[in-house]
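Next comes entry_9.txt, a file with compact mmCIF, C-alpha atoms.
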# COMPACT_ATOMS: atom_id res chain seq x y z
CA MET J 1 -16.59 2.64 26.75
CA LYS J 2 -17.10 4.47 23.46
CA LYS J 3 -16.67 7.98 22.24
CA ARG J 4 -17.36 9.84 19.04
CA VAL J 5 -15.15 12.52 17.57
CA PHE J 6 -15.90 14.75 14.60
CA LYS J 7 -12.83 15.82 12.76
CA PHE J 8 -11.76 16.67 9.26
CA TYR J 9 -8.47 15.76 7.63
CA SER J 10 -7.41 16.56 4.10
CA ASN J 11 -4.08 14.76 4.48
CA TYR J 12 -4.50 11.04 5.09
CA GLU J 13 -1.02 10.68 6.61
CA LYS J 14 -1.88 13.18 9.32
CA GLU J 15 -5.17 11.39 9.86
CA GLU J 16 -3.33 8.09 10.15
CA ALA J 17 -0.85 9.59 12.62
CA TRP J 18 -3.75 10.90 14.73
CA LEU J 19 -5.47 7.47 14.77
CA ASN J 20 -2.19 5.93 15.93
CA GLU J 21 -1.79 8.58 18.65
CA MET J 22 -5.32 7.83 19.83
CA ALA J 23 -4.54 4.09 19.78
CA ALA J 24 -1.37 4.71 21.79
CA SER J 25 -3.50 6.34 24.47
CA GLY J 26 -5.95 3.42 24.47
CA TRP J 27 -8.64 4.78 22.13
CA HIS J 28 -9.07 2.46 19.16
CA CYS J 29 -11.00 3.62 16.15
CA VAL J 30 -13.70 1.11 15.22
CA ASP J 31 -15.69 3.09 12.66
CA TYR J 32 -15.49 6.10 10.40
CA LEU J 33 -18.12 7.84 8.33
CA PHE J 34 -17.96 11.36 6.85
CA GLY J 35 -15.77 12.91 9.51
CA ARG J 36 -17.27 10.95 12.39
CA TYR J 37 -14.83 8.68 14.17
CA THR J 38 -15.99 6.12 16.71
CA PHE J 39 -13.45 5.05 19.30
CA GLU J 40 -13.50 2.21 21.79
CA LYS J 41 -11.45 2.17 24.97
CA GLY J 42 -8.93 -0.64 25.14
CA GLU J 43 -5.31 -1.51 25.86
CA PRO J 44 -2.98 1.38 24.96
CA GLY J 45 -1.01 0.57 21.82
CA GLU J 46 -2.95 -2.58 21.01
CA TYR J 47 -3.43 -1.70 17.34
CA ILE J 48 -1.54 -0.04 14.49
CA TYR J 49 -3.71 1.88 12.01
CA ARG J 50 -3.24 2.43 8.28
CA ILE J 51 -5.34 4.21 5.70
CA GLN J 52 -5.28 3.36 2.01
CA LEU J 53 -6.88 4.67 -1.17
CA LEU J 54 -7.89 1.68 -3.28
CA GLU J 55 -7.73 1.58 -7.04
CA TYR J 56 -11.45 0.82 -7.26
CA TYR J 57 -14.53 1.40 -5.13
CA THR J 58 -14.51 -0.75 -2.04
CA ASN J 59 -17.29 -3.06 -3.29
CA HIS J 60 -15.57 -3.73 -6.64
CA ALA J 61 -14.54 -7.40 -7.09
CA GLU J 62 -10.83 -6.47 -7.25
CA SER J 63 -11.10 -4.51 -3.98
CA VAL J 64 -13.01 -7.33 -2.30
CA THR J 65 -10.25 -9.78 -3.27
CA TYR J 66 -7.57 -7.40 -2.01
CA LEU J 67 -9.32 -6.76 1.29
CA GLY J 68 -9.77 -10.54 1.74
CA PHE J 69 -6.03 -10.93 1.15
CA LEU J 70 -5.33 -8.28 3.80
CA GLU J 71 -7.65 -10.02 6.26
CA ASP J 72 -5.75 -13.26 5.73
CA THR J 73 -2.60 -11.46 6.88
CA GLY J 74 -4.21 -10.40 10.14
CA VAL J 75 -5.46 -7.01 9.00
CA GLU J 76 -8.90 -5.83 10.05
CA VAL J 77 -10.94 -3.49 7.87
CA ILE J 78 -12.72 -1.16 10.29
CA ALA J 79 -14.32 1.17 7.76
CA SER J 80 -14.53 1.84 4.07
CA HIS J 81 -15.53 5.10 2.53
CA ILE J 82 -15.81 5.56 -1.27
CA ARG J 83 -12.34 4.29 -2.20
CA TRP J 84 -10.69 4.81 1.17
CA VAL J 85 -10.23 1.96 3.62
CA TYR J 86 -9.35 2.21 7.31
CA LEU J 87 -7.25 -0.71 8.45
CA ARG J 88 -5.71 -1.92 11.65
CA LYS J 89 -3.57 -4.78 12.86
CA LYS J 90 -2.64 -5.96 16.33
CA ALA J 91 0.71 -4.44 17.28
CA ILE J 92 1.72 -7.71 18.93
CA GLU J 93 1.96 -9.26 15.45
CA GLY J 94 4.80 -6.89 14.57
CA PRO J 95 5.18 -3.71 12.53
CA PHE J 96 2.35 -2.97 10.13
CA GLU J 97 3.20 -1.20 6.90
CA LEU J 98 1.11 -1.70 3.77
CA PHE J 99 3.96 -0.92 1.45
CA SER J 100 7.50 -2.17 1.81
CA ASP J 101 9.14 -0.73 -1.27
CA ARG J 102 9.49 2.69 -2.80
CA GLU J 103 7.69 1.81 -6.00
CA SER J 104 4.44 0.83 -4.31
CA ARG J 105 4.60 3.87 -2.01
CA ILE J 106 5.01 6.13 -5.03
CA ALA J 107 2.11 4.38 -6.79
CA HIS J 108 -0.13 5.02 -3.78
CA TYR J 109 0.76 8.73 -3.58
CA ARG J 110 0.21 9.07 -7.33
CA ARG J 111 -3.19 7.42 -7.08
CA ILE J 112 -4.25 9.97 -4.46
CA ILE J 113 -2.85 12.90 -6.45
CA THR J 114 -4.70 11.67 -9.56
CA MET J 115 -7.94 11.67 -7.59
CA LEU J 116 -7.47 15.04 -5.85
CA LEU J 117 -5.89 17.13 -8.61
CA PRO J 118 -8.96 17.37 -10.93
CA LEU J 119 -11.11 18.32 -7.92
CA ALA J 120 -8.66 21.03 -6.96
CA ILE J 121 -8.51 22.39 -10.51
CA VAL J 122 -12.29 22.45 -10.99
CA ASN J 123 -12.75 24.19 -7.64
CA PHE J 124 -10.06 26.69 -8.50
CA LEU J 125 -11.59 27.47 -11.92
CA PHE J 126 -15.05 28.02 -10.45
CA GLY J 127 -13.75 29.78 -7.37
CA SER J 128 -11.61 32.22 -9.32
CA GLY J 129 -14.43 33.03 -11.74
CA LEU J 130 -12.53 31.66 -14.72
CA LEU J 131 -15.20 29.08 -15.37
CA GLY J 132 -18.99 29.10 -15.24
CA ASN J 133 -21.63 31.64 -16.18
CA PRO J 134 -20.26 35.10 -15.37
CA LYS J 135 -19.69 34.66 -11.70
CA PRO J 136 -17.94 36.62 -9.03
CA VAL J 137 -15.02 35.16 -7.17
CA ASN J 138 -16.34 32.33 -5.06
CA LEU J 139 -14.53 32.01 -1.77
CA PHE J 140 -16.00 28.62 -0.93
CA ASN J 141 -14.61 26.95 -4.06
CA LEU J 142 -11.31 28.80 -3.67
CA GLY J 143 -11.13 27.54 -0.11
CA VAL J 144 -11.77 23.96 -1.21
CA ALA J 145 -9.11 24.30 -3.91
CA LEU J 146 -6.61 25.53 -1.33
CA LEU J 147 -7.59 22.79 1.10
CA LEU J 148 -6.90 20.19 -1.59
CA ALA J 149 -3.72 21.88 -2.81
CA VAL J 150 -1.98 21.52 0.55
CA PRO J 151 -1.99 17.69 0.67
CA ILE J 152 -1.39 17.43 -3.09
CA ILE J 153 1.82 19.43 -2.71
CA SER J 154 2.82 17.34 0.30
CA TYR J 155 2.28 14.04 -1.60
CA TYR J 156 4.06 15.42 -4.64
CA LYS J 157 7.12 16.27 -2.55
CA ARG J 158 7.11 12.76 -1.10
CA VAL J 159 7.02 11.26 -4.59
CA GLN J 160 9.94 13.43 -5.68
CA ALA J 161 12.03 12.47 -2.67
CA LEU J 162 11.27 8.77 -3.20
CA GLU J 163 12.11 8.98 -6.90
CA LYS J 164 15.40 10.66 -6.16
CA GLU J 165 16.31 7.87 -3.77
CA SER J 166 15.30 5.32 -6.42
CA GLN J 167 18.13 6.49 -8.65
CA ILE J 168 20.73 5.11 -6.29
CA ARG J 169 19.03 2.40 -4.31
CA GLU J 170 16.59 -0.36 -5.05
CA MET L 171 14.86 -13.97 -22.71
CA ALA L 172 13.85 -10.42 -23.51
CA ALA L 173 16.33 -7.67 -22.75
CA ASP L 174 14.05 -6.17 -20.12
CA GLU L 175 14.10 -9.44 -18.23
CA GLN L 176 17.82 -9.38 -17.65
CA GLY L 177 17.93 -6.64 -15.04
CA ALA L 178 18.29 -7.23 -11.32
CA LEU L 179 15.21 -8.44 -9.50
CA THR L 180 13.85 -6.34 -6.67
CA GLU L 181 14.49 -7.73 -3.23
CA ALA L 182 10.75 -8.37 -2.79
CA VAL L 183 10.52 -10.34 -6.05
CA PHE L 184 13.69 -12.31 -5.25
CA TYR L 185 12.35 -13.40 -1.88
CA ILE L 186 8.85 -14.12 -3.22
CA LEU L 187 10.33 -16.44 -5.87
CA LEU L 188 12.54 -18.03 -3.24
CA ALA L 189 9.63 -18.57 -0.85
CA LEU L 190 7.48 -20.06 -3.62
CA HIS L 191 9.74 -23.05 -4.15
CA GLU L 192 7.02 -24.64 -2.05
CA PRO L 193 3.30 -23.80 -2.22
CA ARG L 194 2.47 -20.84 -0.01
CA HIS L 195 -0.32 -18.32 0.40
CA GLY L 196 0.31 -14.61 0.91
CA TYR L 197 0.65 -14.60 4.67
CA ALA L 198 2.95 -17.64 4.60
CA ILE L 199 5.21 -15.80 2.12
CA MET L 200 5.37 -12.78 4.43
CA GLN L 201 6.14 -14.92 7.47
CA GLY L 202 8.63 -17.15 5.65
CA VAL L 203 10.62 -14.23 4.27
CA GLN L 204 10.62 -12.38 7.57
CA GLU L 205 11.85 -15.45 9.42
CA LEU L 206 14.53 -16.23 6.85
CA THR L 207 15.91 -12.69 6.93
CA ASN L 208 15.62 -12.26 10.72
CA ASP L 209 12.96 -9.55 10.32
CA ARG L 210 15.07 -7.51 7.91
CA VAL L 211 12.71 -7.99 4.96
CA ALA L 212 9.10 -7.44 6.03
CA LEU L 213 6.91 -7.48 2.94
CA GLY L 214 3.96 -5.11 3.24
CA PRO L 215 0.68 -6.79 2.28
CA GLY L 216 -0.11 -4.01 -0.23
CA THR L 217 3.25 -4.43 -1.91
CA LEU L 218 3.06 -8.24 -1.82
CA TYR L 219 -0.43 -8.33 -3.34
CA GLY L 220 0.65 -6.16 -6.27
CA ALA L 221 3.84 -8.17 -6.78
CA LEU L 222 1.97 -11.51 -6.75
CA ASN L 223 -0.47 -10.29 -9.41
CA THR L 224 2.37 -9.00 -11.58
CA LEU L 225 4.34 -12.24 -11.24
CA VAL L 226 1.27 -14.33 -12.15
CA GLU L 227 0.73 -12.08 -15.20
CA LYS L 228 4.36 -12.61 -16.25
CA GLY L 229 4.03 -16.36 -15.73
CA TRP L 230 6.83 -16.56 -13.16
CA ILE L 231 4.48 -17.97 -10.53
CA LYS L 232 1.02 -19.52 -10.70
CA ALA L 233 -1.95 -19.87 -8.38
CA LEU L 234 -2.65 -23.44 -7.36
CA GLN L 235 -6.45 -23.21 -7.27
CA ASP L 236 -8.51 -22.20 -10.27
CA ASP L 237 -11.26 -20.68 -8.20
CA LYS L 238 -10.59 -16.98 -8.47
CA ASN L 239 -12.54 -16.05 -5.37
CA SER L 240 -11.18 -18.72 -3.10
CA ARG L 241 -9.55 -17.24 -0.05
CA ARG L 242 -6.02 -18.11 0.93
CA LYS L 243 -4.92 -18.71 -2.62
CA GLU L 244 -1.68 -20.65 -2.77
CA TYR L 245 1.06 -19.92 -5.27
CA ILE L 246 4.05 -21.85 -6.62
CA ILE L 247 7.00 -20.90 -8.83
CA THR L 248 6.80 -21.92 -12.53
CA ASP L 249 9.61 -23.26 -14.76
CA GLN L 250 9.97 -19.78 -16.24
CA GLY L 251 10.19 -18.28 -12.76
CA GLU L 252 12.79 -20.87 -11.79
CA SER L 253 14.95 -19.98 -14.78
CA ILE L 254 14.70 -16.26 -13.91
CA PHE L 255 15.59 -17.10 -10.32
CA GLN L 256 18.66 -19.13 -11.36
CA THR L 257 19.84 -16.34 -13.67
CA GLU L 258 19.53 -13.92 -10.78
CA LEU L 259 21.50 -16.24 -8.50
CA LYS L 260 24.34 -16.27 -11.03
CA ARG L 261 24.27 -12.48 -11.23
CA LEU L 262 24.37 -12.21 -7.45
CA GLU L 263 27.23 -14.70 -7.26
CA GLU L 264 29.17 -12.60 -9.72
CA LEU L 265 28.56 -9.48 -7.62
CA LEU L 266 29.66 -11.30 -4.50
CA THR L 267 32.81 -12.68 -6.14
CA HIS L 268 33.79 -9.25 -7.42
CA GLY L 269 32.94 -7.60 -4.11
CA LYS L 270 35.14 -9.97 -2.18
CA LEU L 271 38.13 -9.27 -4.42
CA VAL L 272 38.39 -5.76 -3.01
Could the structure of this file be written out as structure tokens, please?
Amino acid sequence: MKKRVFKFYSNYEKEEAWLNEMAASGWHCVDYLFGRYTFEKGEPGEYIYRIQLLEYYTNHAESVTYLGFLEDTGVEVIASHIRWVYLRKKAIEGPFELFSDRESRIAHYRRIITMLLPLAIVNFLFGSGLLGNPKPVNLFNLGVALLLAVPIISYYKRVQALEKESQIRE
Amino acid sequence: MAADEQGALTEAVFYILLALHEPRHGYAIMQGVQELTNDRVALGPGTLYGALNTLVEKGWIKALQDDKNSRRKEYIITDQGESIFQTELKRLEELLTHGKLV
């Protein structure tokens, strides 16, 4: 049995949590494309899901090597989308975390912030009328800027908390 | 040895070097370390992949096959890596000795 769900997330951690909630109730995501999630009915809790932003586009040689490495560790790539990859692993094989130290977690958050921040700034400048041919305030761009600002702030806070912890613990 | 190579190793790097005293591919490193530490140290594949690349760059470990695209690449510790590992063992021994004096 399959079902499709359209949903939009601007915060990948919330998206990941939702995929894991769905998996816990027996709906396992098998595909994702532009807000369209495809789920397949299966054993509740069979898979653990993770989402990652890669350094390069998913078809770049470096990304292909990395994804091959993940597959060798029992990870399945269910979808890739620009630089995002949707991953899952059978829960029976144990906990599934992509990153096991603070440094690599921080690096991942920073990579996402670096991608989102310019988009947020450009949208804010156009939306507020500060940039572009004399233009009125543009609510659409302002909305996008706000939508991007929320996760950026959330990731930034995470980085700060992790860095603070790094001062006293490896 | 450069001054920046005298600091403590991260736990991940320590266990990767330890595991690579015999040839192992990524998944075998993860499993070996997890088994050895009774599940306490579970290396994430994202973290492990980055660490392996960095260690190869530094020359502390090397890939056994030359073929860059070959799957299941196996790694082994180098002489330089071994010397770093031994230095770290001495540092840890010192910590342990001092800790036990309390």
Selected residue, from J:Tyr32, J:Phe6, J:Phe99, J:Tyr156, that lies nearest to chain L when counting all atoms listed in the file:
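The shortest atom-to-atom distance to chain L comes from J:Phe99.
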For stretch 197-212 of chain L, list every protein, DNA or RNA residue within 10 Å, evaluated using all atoms listed in the file, and leave out those in the same chain fewer than 4 positions away; present the list as an MDAnalysis selection string.
(chainID J and resid 69:74 94:97 99:101) or (chainID L and resid 181:182 185:190 192:193 218 242 244:245)
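A straight-line distance of 8.1 Å separates atom CA of J:Val5 from atom CA of J:Gly35.
Residue nearest chain J, chosen from L:Ile254, L:Leu271, L:Leu213, L:Leu266 and counting all atoms listed in the file: L:Leu213.
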Place a sphere of radius 12 Å on (-12.2, 28.1, -0.7) in the file coordinates and name every protein, DNA or RNA residue with an atom inside or on its surface, counting all atoms listed in the file; give the answer as an NGL selection string.
:J and (120-128 or 137-149)
Output of the above residues as a PDB file, in the frame of the given file, restricted to C-alpha atoms:
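Listed below is the output, out20.pdb:
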ATOM      1  CA  ALA J 120      -8.660  21.030  -6.960  1.00  0.00           C
ATOM      2  CA  ILE J 121      -8.510  22.390 -10.510  1.00  0.00           C
ATOM      3  CA  VAL J 122     -12.290  22.450 -10.990  1.00  0.00           C
ATOM      4  CA  ASN J 123     -12.750  24.190  -7.640  1.00  0.00           C
ATOM      5  CA  PHE J 124     -10.060  26.690  -8.500  1.00  0.00           C
ATOM      6  CA  LEU J 125     -11.590  27.470 -11.920  1.00  0.00           C
ATOM      7  CA  PHE J 126     -15.050  28.020 -10.450  1.00  0.00           C
ATOM      8  CA  GLY J 127     -13.750  29.780  -7.370  1.00  0.00           C
ATOM      9  CA  SER J 128     -11.610  32.220  -9.320  1.00  0.00           C
ATOM     10  CA  VAL J 137     -15.020  35.160  -7.170  1.00  0.00           C
ATOM     11  CA  ASN J 138     -16.340  32.330  -5.060  1.00  0.00           C
ATOM     12  CA  LEU J 139     -14.530  32.010  -1.770  1.00  0.00           C
ATOM     13  CA  PHE J 140     -16.000  28.620  -0.930  1.00  0.00           C
ATOM     14  CA  ASN J 141     -14.610  26.950  -4.060  1.00  0.00           C
ATOM     15  CA  LEU J 142     -11.310  28.800  -3.670  1.00  0.00           C
ATOM     16  CA  GLY J 143     -11.130  27.540  -0.110  1.00  0.00           C
ATOM     17  CA  VAL J 144     -11.770  23.960  -1.210  1.00  0.00           C
ATOM     18  CA  ALA J 145      -9.110  24.300  -3.910  1.00  0.00           C
ATOM     19  CA  LEU J 146      -6.610  25.530  -1.330  1.00  0.00           C
ATOM     20  CA  LEU J 147      -7.590  22.790   1.100  1.00  0.00           C
ATOM     21  CA  LEU J 148      -6.900  20.190  -1.590  1.00  0.00           C
ATOM     22  CA  ALA J 149      -3.720  21.880  -2.810  1.00  0.00           C
TER      23      ALA J 149
END
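Going from atom CA of J:Trp18 to atom CA of L:Thr217 covers 23.7 Å.
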State, in Å with one decimal place, the distance from atom CA of J:Ala107 to atom CA of L:Tyr219.
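Between atom CA of J:Ala107 and atom CA of L:Tyr219 the gap works out to 13.4 Å.
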Measuring atom to atom with only C-alpha atoms, identify which of L:Gly220, L:Phe255, L:Gly196, L:Pro215 is nearest to J:Glu55.
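Looking at the shortest contact to J:Glu55, the residue is L:Gly220.
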Can we get stretch 184-203 of chain L of that structure written down with N, CA and C atoms, as a compact mmCIF listing (two decimals), in the first residue's frame?
# COMPACT_ATOMS: atom_id res chain seq x y z
N PHE L 184 41.49 8.34 17.35
CA PHE L 184 42.22 7.32 18.12
C PHE L 184 41.72 5.92 17.75
N TYR L 185 40.41 5.75 17.75
CA TYR L 185 39.88 4.42 17.46
C TYR L 185 40.01 4.03 15.99
N ILE L 186 40.00 5.01 15.09
CA ILE L 186 40.22 4.69 13.67
C ILE L 186 41.64 4.16 13.49
N LEU L 187 42.62 4.88 14.09
CA LEU L 187 44.02 4.44 13.98
C LEU L 187 44.19 3.06 14.61
N LEU L 188 43.54 2.86 15.74
CA LEU L 188 43.63 1.56 16.42
C LEU L 188 43.06 0.45 15.53
N ALA L 189 41.89 0.73 14.95
CA ALA L 189 41.23 -0.29 14.13
C ALA L 189 42.03 -0.61 12.87
N LEU L 190 42.80 0.41 12.39
CA LEU L 190 43.51 0.22 11.12
C LEU L 190 44.90 -0.40 11.30
N HIS L 191 45.12 -1.06 12.43
CA HIS L 191 46.33 -1.86 12.56
C HIS L 191 46.21 -3.13 11.72
N GLU L 192 45.00 -3.37 11.23
CA GLU L 192 44.82 -4.38 10.18
C GLU L 192 43.95 -3.74 9.10
N PRO L 193 44.07 -4.22 7.84
CA PRO L 193 43.31 -3.58 6.76
C PRO L 193 41.80 -3.69 7.00
N ARG L 194 41.12 -2.56 6.89
CA ARG L 194 39.67 -2.56 7.09
C ARG L 194 39.02 -1.53 6.18
N HIS L 195 37.82 -1.80 5.73
CA HIS L 195 37.05 -0.79 5.02
C HIS L 195 36.16 -0.07 6.03
N GLY L 196 35.48 0.98 5.56
CA GLY L 196 34.72 1.85 6.46
C GLY L 196 33.79 1.12 7.42
N TYR L 197 32.97 0.23 6.86
CA TYR L 197 31.98 -0.43 7.70
C TYR L 197 32.64 -1.32 8.75
N ALA L 198 33.77 -1.95 8.34
CA ALA L 198 34.49 -2.82 9.28
C ALA L 198 35.11 -1.99 10.42
N ILE L 199 35.50 -0.75 10.12
CA ILE L 199 36.01 0.13 11.18
C ILE L 199 34.89 0.42 12.18
N MET L 200 33.72 0.82 11.62
CA MET L 200 32.57 1.13 12.48
C MET L 200 32.21 -0.04 13.39
N GLN L 201 32.13 -1.22 12.77
CA GLN L 201 31.74 -2.42 13.54
C GLN L 201 32.80 -2.78 14.57
N GLY L 202 34.08 -2.73 14.14
CA GLY L 202 35.18 -3.10 15.03
C GLY L 202 35.22 -2.22 16.27
N VAL L 203 35.08 -0.91 16.04
CA VAL L 203 35.16 0.05 17.15
C VAL L 203 33.97 -0.12 18.09
